[in-house]
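Enquirer: Below is the file start24.txt, which contains compact mmCIF, C-alpha atoms.
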```txt
# COMPACT_ATOMS: atom_id res chain seq x y z
CA MET A 1 27.80 28.49 -68.27
CA HIS A 2 27.00 30.30 -65.05
CA ARG A 3 29.82 31.57 -62.94
CA SER A 4 29.62 30.14 -59.47
CA ASP A 5 29.28 32.68 -56.71
CA THR A 6 32.50 32.57 -54.80
CA THR A 7 31.58 35.39 -52.40
CA ALA A 8 31.67 33.99 -48.89
CA SER A 9 28.61 34.68 -46.79
CA PRO A 10 29.28 36.52 -43.56
CA ALA A 11 30.02 34.15 -40.70
CA VAL A 12 27.31 33.84 -38.11
CA GLU A 13 28.69 34.35 -34.63
CA VAL A 14 27.76 31.47 -32.37
CA VAL A 15 27.15 32.61 -28.82
CA PRO A 16 27.63 29.78 -26.35
CA ALA A 17 24.54 29.14 -24.24
CA PHE A 18 25.24 29.27 -20.56
CA PRO A 19 23.51 26.61 -18.49
CA VAL A 20 20.42 27.85 -16.72
CA PRO A 21 20.95 27.63 -12.97
CA PRO A 22 18.53 25.34 -11.15
CA VAL A 23 15.58 27.04 -9.53
CA ARG A 24 16.86 26.37 -6.03
CA ALA A 25 19.99 28.46 -6.86
CA ARG A 26 17.99 31.59 -7.72
CA GLY A 27 16.42 34.30 -5.59
CA SER A 28 17.21 35.57 -2.12
CA ALA A 29 19.40 33.71 0.33
CA THR A 30 16.30 32.82 2.36
CA ALA A 31 14.47 31.46 -0.69
CA ARG A 32 17.49 29.33 -1.63
CA ARG A 33 17.77 28.03 1.92
CA VAL A 34 14.07 27.10 2.12
CA ARG A 35 14.13 25.36 -1.28
CA ARG A 36 17.25 23.45 -0.29
CA ALA A 37 15.68 22.38 3.03
CA PHE A 38 12.58 21.11 1.23
CA ALA A 39 14.64 19.15 -1.31
CA GLU A 40 16.77 17.64 1.46
CA ALA A 41 13.68 16.52 3.38
CA ILE A 42 12.30 14.76 0.30
CA ASP A 43 15.72 13.22 -0.42
CA HIS A 44 15.84 11.80 3.11
CA ALA A 45 12.37 10.31 2.66
CA LEU A 46 13.38 8.68 -0.64
CA ALA A 47 16.58 7.27 0.87
CA ALA A 48 14.59 5.82 3.78
CA ALA A 49 12.15 4.17 1.36
CA ILE A 50 15.06 2.52 -0.46
CA ALA A 51 16.51 1.19 2.82
CA SER A 52 13.20 -0.18 4.12
CA GLU A 53 14.04 -3.82 3.35
CA ARG A 54 17.24 -3.69 5.42
CA THR A 55 15.98 -1.63 8.37
CA PRO A 56 12.17 -1.61 8.22
CA GLN A 57 11.36 0.10 11.52
CA GLU A 58 14.11 2.72 11.44
CA SER A 59 13.44 3.46 7.77
CA LEU A 60 9.76 4.02 8.43
CA ARG A 61 10.52 6.42 11.28
CA THR A 62 13.01 8.32 9.12
CA PHE A 63 10.58 8.41 6.21
CA ARG A 64 7.73 9.82 8.27
CA ARG A 65 9.99 12.33 10.03
CA ALA A 66 11.30 13.62 6.68
CA VAL A 67 7.74 13.95 5.36
CA ARG A 68 6.80 15.94 8.49
CA HIS A 69 9.73 18.30 7.88
CA ALA A 70 8.72 18.88 4.26
CA ARG A 71 5.12 19.43 5.29
CA ALA A 72 6.18 21.86 8.03
CA ILE A 73 8.18 23.88 5.49
CA VAL A 74 5.07 24.20 3.33
CA ALA A 75 3.05 25.23 6.41
CA THR A 76 5.66 27.88 7.27
CA CYS A 77 5.52 29.34 3.74
CA ARG A 78 1.77 28.99 3.48
CA THR A 79 1.03 32.60 2.56
CA GLN A 80 3.82 32.77 -0.06
CA LEU A 81 2.63 29.75 -2.07
CA PRO A 82 -0.24 29.74 -4.58
CA ALA A 83 -3.30 28.11 -3.04
CA SER A 84 -3.52 25.42 -5.73
CA ILE A 85 0.10 24.35 -5.24
CA ARG A 86 -0.16 24.44 -1.46
CA LEU A 87 -3.27 22.27 -1.48
CA GLU A 88 -1.65 19.82 -3.89
CA LEU A 89 1.43 19.48 -1.70
CA LEU A 90 -0.54 19.09 1.52
CA ALA A 91 -2.89 16.54 -0.05
CA THR A 92 0.08 14.41 -1.10
CA PHE A 93 1.67 14.63 2.36
CA ARG A 94 -1.65 13.71 3.97
CA ALA A 95 -2.09 10.68 1.73
CA VAL A 96 1.46 9.47 2.36
CA THR A 97 1.12 9.91 6.12
CA ARG A 98 -2.16 8.00 6.23
CA ALA A 99 -0.76 5.20 4.06
CA THR A 100 2.08 4.62 6.55
CA GLY A 101 0.15 5.30 9.78
CA ALA A 102 -0.98 1.72 10.35
CA MET A 103 2.58 0.49 9.85
CA ARG A 104 3.78 2.98 12.44
CA ASP A 105 1.20 1.80 14.99
CA ARG A 106 2.09 -1.86 14.46
CA ASP A 107 5.73 -1.01 15.21
CA ALA A 108 5.11 1.37 18.11
CA LEU A 109 2.34 -0.23 20.16
CA PRO A 110 4.24 -3.42 21.16
CA ALA A 111 7.16 -1.23 22.27
CA VAL A 112 4.87 0.97 24.37
CA LEU A 113 3.32 -2.09 26.01
CA ALA A 114 6.78 -3.49 26.74
CA GLU A 115 7.72 -0.26 28.57
CA LEU A 116 4.87 -0.70 31.06
CA ALA A 117 5.86 -2.36 34.31
CA PRO A 118 4.52 -5.94 34.42
CA LEU A 119 1.73 -6.46 36.94
CA PRO A 120 1.36 -10.04 38.22
CA ALA A 121 -2.41 -9.58 38.51
CA ALA A 122 -2.63 -8.49 34.86
CA ALA A 123 -0.34 -11.18 33.42
CA GLU A 124 -3.03 -13.15 31.58
CA ALA A 125 -4.69 -10.14 29.97
CA ARG A 126 -1.32 -8.64 29.05
CA ALA A 127 -0.20 -11.86 27.39
CA ARG A 128 -3.39 -11.89 25.35
CA LEU A 129 -2.87 -8.31 24.21
CA GLU A 130 0.76 -9.06 23.31
CA GLY A 131 -0.43 -12.00 21.24
CA LEU A 132 -2.95 -9.84 19.38
CA LEU A 133 -0.32 -7.21 18.55
CA LEU A 134 2.21 -9.82 17.43
CA THR A 135 -0.31 -11.54 15.16
CA GLU A 136 -1.23 -8.25 13.49
CA ARG A 137 2.41 -7.38 13.03
CA LEU A 138 3.27 -10.72 11.44
CA ASP A 139 0.26 -10.58 9.13
CA ALA A 140 1.38 -7.20 7.86
CA ARG A 141 4.99 -8.24 7.38
CA ARG A 142 4.52 -10.24 4.21
CA PRO A 143 7.59 -10.08 1.98
CA GLN A 144 7.98 -6.76 0.17
CA LYS A 145 4.66 -5.37 1.42
CA ARG A 146 6.18 -2.54 3.43
CA ALA A 147 8.81 -1.85 0.78
CA ARG A 148 6.12 -1.61 -1.91
CA LYS A 149 4.02 0.82 0.11
CA LEU A 150 6.99 3.06 0.80
CA ALA A 151 8.06 2.89 -2.84
CA VAL A 152 4.62 4.05 -3.99
CA ALA A 153 4.70 6.86 -1.44
CA ALA A 154 8.22 7.85 -2.53
CA VAL A 155 7.12 8.19 -6.16
CA LYS A 156 4.42 10.64 -5.07
CA LEU A 157 6.92 12.66 -3.07
CA ALA A 158 9.62 12.81 -5.75
CA ALA A 159 7.40 14.89 -8.01
CA LEU A 160 6.92 17.61 -5.39
CA VAL A 161 10.42 19.08 -5.31
CA GLU A 162 10.24 20.88 -8.64
CA ARG A 163 6.68 22.04 -7.96
CA PHE A 164 7.72 23.61 -4.67
CA GLU A 165 10.90 25.18 -6.06
CA ARG A 166 9.14 26.83 -8.98
CA SER A 167 6.24 28.07 -6.84
CA LEU A 168 8.16 29.59 -3.95
CA PRO A 169 8.82 33.31 -4.62
CA GLY A 170 12.47 34.21 -5.11
CA CYS A 171 11.94 37.35 -3.02
CA LEU A 172 11.24 35.34 0.16
CA GLN A 173 12.83 37.01 3.19
CA ALA A 174 13.71 35.92 6.71
CA LYS A 175 10.79 37.94 8.09
CA ASP A 176 8.43 35.78 6.01
CA VAL A 177 9.80 32.64 7.68
CA GLU A 178 9.49 34.31 11.09
CA HIS A 179 5.86 35.20 10.38
CA GLY A 180 5.25 31.59 9.39
CA TRP A 181 6.74 30.35 12.66
CA LYS A 182 4.64 32.82 14.66
CA ARG A 183 1.49 31.62 12.88
CA LEU A 184 2.34 27.99 13.70
CA ALA A 185 3.04 28.97 17.31
CA ARG A 186 -0.35 30.70 17.60
CA LYS A 187 -2.10 27.58 16.34
CA ALA A 188 -0.11 25.44 18.74
CA ARG A 189 -1.00 27.72 21.68
CA SER A 190 -4.70 27.53 20.86
CA ALA A 191 -4.62 23.73 20.52
CA VAL A 192 -2.67 23.30 23.76
CA ARG A 193 -5.15 25.49 25.65
CA ALA A 194 -8.03 23.35 24.37
CA ALA A 195 -6.22 20.15 25.34
CA ARG A 196 -5.48 21.44 28.84
CA ARG A 197 -9.21 22.04 29.38
CA GLU A 198 -9.96 18.38 28.51
CA PRO A 199 -6.76 16.35 29.03
CA SER A 200 -8.64 13.04 28.91
CA ASP A 201 -9.93 13.71 25.38
CA PRO A 202 -7.51 12.00 22.97
CA ARG A 203 -8.71 14.09 20.01
CA GLN A 204 -7.81 17.36 21.72
CA THR A 205 -4.43 16.03 22.78
CA HIS A 206 -3.79 14.62 19.31
CA ASP A 207 -4.54 18.00 17.74
CA ALA A 208 -2.25 19.78 20.21
CA ARG A 209 0.52 17.26 19.59
CA LYS A 210 0.15 17.65 15.83
CA ARG A 211 0.43 21.45 16.08
CA LEU A 212 3.44 21.22 18.38
CA ARG A 213 5.10 18.69 16.08
CA THR A 214 4.59 20.91 13.04
CA LEU A 215 6.19 23.84 14.85
CA ALA A 216 9.11 21.72 16.05
CA SER A 217 9.65 20.30 12.55
CA ALA A 218 9.56 23.77 11.00
CA LEU A 219 12.15 25.07 13.47
CA LEU A 220 14.42 22.07 12.91
CA ALA A 221 14.12 22.19 9.13
CA LEU A 222 14.65 25.94 8.76
CA GLY A 223 16.47 26.93 11.93
CA GLY A 224 19.88 26.41 10.37
CA ASP A 225 22.74 26.86 12.82
CA GLN A 226 20.80 28.98 15.31
CA ARG A 227 21.46 27.22 18.58
CA ARG A 228 18.56 28.84 20.43
CA THR A 229 16.07 27.88 17.72
CA VAL A 230 17.38 24.31 17.50
CA LYS A 231 17.25 23.89 21.27
CA ARG A 232 13.69 25.16 21.39
CA ALA A 233 12.75 22.73 18.62
CA GLN A 234 14.39 19.85 20.48
CA ARG A 235 12.50 20.68 23.68
CA LEU A 236 9.24 20.74 21.75
CA ALA A 237 10.14 17.45 20.06
CA ARG A 238 10.69 15.76 23.42
CA ILE A 239 7.28 16.93 24.64
CA VAL A 240 5.73 15.68 21.39
CA THR A 241 7.33 12.26 21.89
CA GLU A 242 6.11 11.96 25.47
CA LEU A 243 2.59 13.06 24.52
CA GLY A 244 2.69 10.43 21.79
CA ARG A 245 3.31 7.74 24.39
CA THR A 246 0.24 8.80 26.32
CA LEU A 247 -1.85 8.61 23.16
CA ASP A 248 -0.37 5.20 22.34
CA CYS A 249 -1.51 3.97 25.74
CA GLN A 250 -5.05 5.01 24.84
CA ARG A 251 -4.67 3.23 21.48
CA LEU A 252 -3.59 0.13 23.38
CA ASP A 253 -6.65 0.46 25.60
CA ARG A 254 -8.93 0.59 22.53
CA ARG A 255 -7.11 -2.34 20.92
CA ALA A 256 -7.42 -4.40 24.10
CA ARG A 257 -11.16 -3.76 24.35
CA SER A 258 -11.74 -4.50 20.64
CA GLY A 259 -9.72 -7.70 21.07
CA GLY A 260 -12.06 -8.99 23.73
CA ILE A 261 -10.13 -7.96 26.84
CA ALA A 262 -12.74 -6.83 29.35
CA ARG A 263 -12.69 -5.91 33.01
CA SER A 264 -14.51 -9.13 33.82
CA MET A 265 -11.73 -11.40 32.50
CA SER A 266 -8.70 -12.42 34.54
CA GLY A 267 -6.35 -9.46 34.77
CA GLY A 268 -8.50 -7.34 32.47
CA ARG A 269 -9.42 -4.73 35.03
CA GLU A 270 -5.82 -4.33 36.20
CA LEU A 271 -4.46 -4.01 32.66
CA LEU A 272 -7.04 -1.47 31.53
CA GLU A 273 -6.52 0.62 34.66
CA GLN A 274 -2.77 0.53 34.12
CA LEU A 275 -3.19 1.75 30.54
CA ALA A 276 -5.52 4.53 31.64
CA ASP A 277 -3.09 5.65 34.33
CA ALA A 278 -0.18 5.62 31.88
CA ALA A 279 -2.19 7.71 29.43
CA LEU A 280 -3.44 10.38 31.80
CA ALA A 281 -1.01 10.58 34.72
CA SER A 282 1.64 12.67 32.97
CA ARG A 283 -0.46 14.41 30.30
CA PRO A 284 -1.46 17.55 32.28
CA ARG A 285 2.19 18.13 33.19
CA LEU A 286 3.31 17.68 29.58
CA LEU A 287 0.66 20.06 28.29
CA LYS A 288 1.71 22.64 30.86
CA ARG A 289 5.32 22.35 29.66
CA ALA A 290 4.13 22.71 26.07
CA ALA A 291 2.17 25.85 26.97
CA ARG A 292 5.31 27.43 28.40
CA GLN A 293 7.32 26.63 25.29
CA VAL A 294 4.86 28.12 22.80
CA ALA A 295 4.09 31.17 24.96
CA ARG A 296 7.37 32.77 23.94
CA ARG A 297 6.91 35.52 21.39
CA ARG A 298 10.33 35.80 19.76
CA TRP A 299 10.92 33.66 16.69
CA LYS A 300 14.07 34.72 14.87
CA ALA A 301 15.00 33.22 11.48
CA THR A 302 18.36 33.20 9.70
CA LYS A 303 18.66 35.91 7.07
```
Kindly return the structure encoded in the file as structure tokens.
Expert:
Amino acid sequence: MHRSDTTASPAVEVVPAFPVPPVRARGSATARRVRRAFAEAIDHALAAAIASERTPQESLRTFRRAVRHARAIVATCRTQLPASIRLELLATFRAVTRATGAMRDRDALPAVLAELAPLPAAAEARARLEGLLLTERLDARRPQKRARKLAVAAVKLAALVERFERSLPGCLQAKDVEHGWKRLARKARSAVRAARREPSDPRQTHDARKRLRTLASALLALGGDQRRTVKRAQRLARIVTELGRTLDCQRLDRRARSGGIARSMSGGRELLEQLADAALASRPRLLKRAARQVARRRWKATK
């Protein structure tokens, strides 16, 4: 009979495992702030996609604005992100923006046309253009179609938060954000100069508006509580909105011509001239204002 071993084995000390803090809670204060701003922008986009059935137009505007903010954050931190990650993020943002662009135009163009003063001589042509826009809008408003598109776009966006948080260096400093803003401002200055040389060219104006919008979005997303930065961003955003109206008038002009509205038809000449005037009358002044805004050299970020 074997004697059982009654010697107790030494107890193994169990060390409790502390939860690993999320990536966005690590690193410098600037890195945490930038990660948090990116996550909030994506969260706003997802919330807008969920609300699209209740408030389709407002949800679409909120969705696209949130995507612009997230994209502007990536553009600001361009040199701190690995090229493969940066290209992946930008490709997703580009795809999402293109997928919702037609919806945006169908919502915006009728509103832009409604803001134009009615001309009795152009009444017939204007009514025809209004009918074309309304038909396109109704055709695209089949049940759930917009909600489905935004849901698909939201799924693509949701996967980006972790990728961005893990790729952004924890040593990011305020000076890195400032350098990013200065780089965006240089690009905006160059684009505005080109647009001022050819104000009637919609491509040049579109490029300038896009650069200005990216800068404004970056300042709003990362400016924090800096009143001067926020005010500058708001001034830029107003210029971007007004430039957008001039481009929408040119889109209306193209839509009218493709819809069969010609100068030879009743009211056609008057309507097309009105759209051309609305597109080009204020654009040189707006571009001059934009040039003044981006000419400033100081871009201070929160530490």
Enquirer: Give me, as CSV, each residue of region 188-219 of chain A that comes within 8 Å of region 243-251 of chain A, together with its shortest interatomic pair and the distance in Å at one decimal, counting only C-alpha atoms, with rows ordered by chain and rising residue number.
Expert:
```
residue,atom,partner,partner_atom,distance
A:Pro202,CA,A:Leu247,CA,6.6
A:Thr205,CA,A:Leu243,CA,7.8
A:His206,CA,A:Leu247,CA,7.4
A:Arg209,CA,A:Leu243,CA,6.8
```
Enquirer: For each of A:Val294, A:Asp176, A:Ile50, A:Cys77, take the minimum atom-to-atom distance to Ala208 (chain A), counting only C-alpha atoms, then give the residue where this is smallest.
Expert: A:Val294
Enquirer: Take CA of Ala123 (chain A) and CA of Arg269 (chain A) and report the distance between them in Å, one decimal.
Expert: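 If I compute the distance from CA of Ala123 (chain A) to CA of Arg269 (chain A), I get 11.3 Å.
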Enquirer: Let me make sure I understand: among A:Ile261, A:Val240, A:Arg227, A:Gln274, which one has the smallest atom-to-atom distance to Glu130 (chain A) if we use all atoms listed in the file?
Expert: A:Ile261
Enquirer: Which residue is closest to Pro199 (chain A)? Choose from A:Val230, A:Ile42, A:Val112, A:Leu280 and count only C-alpha atoms.
Expert: A:Leu280
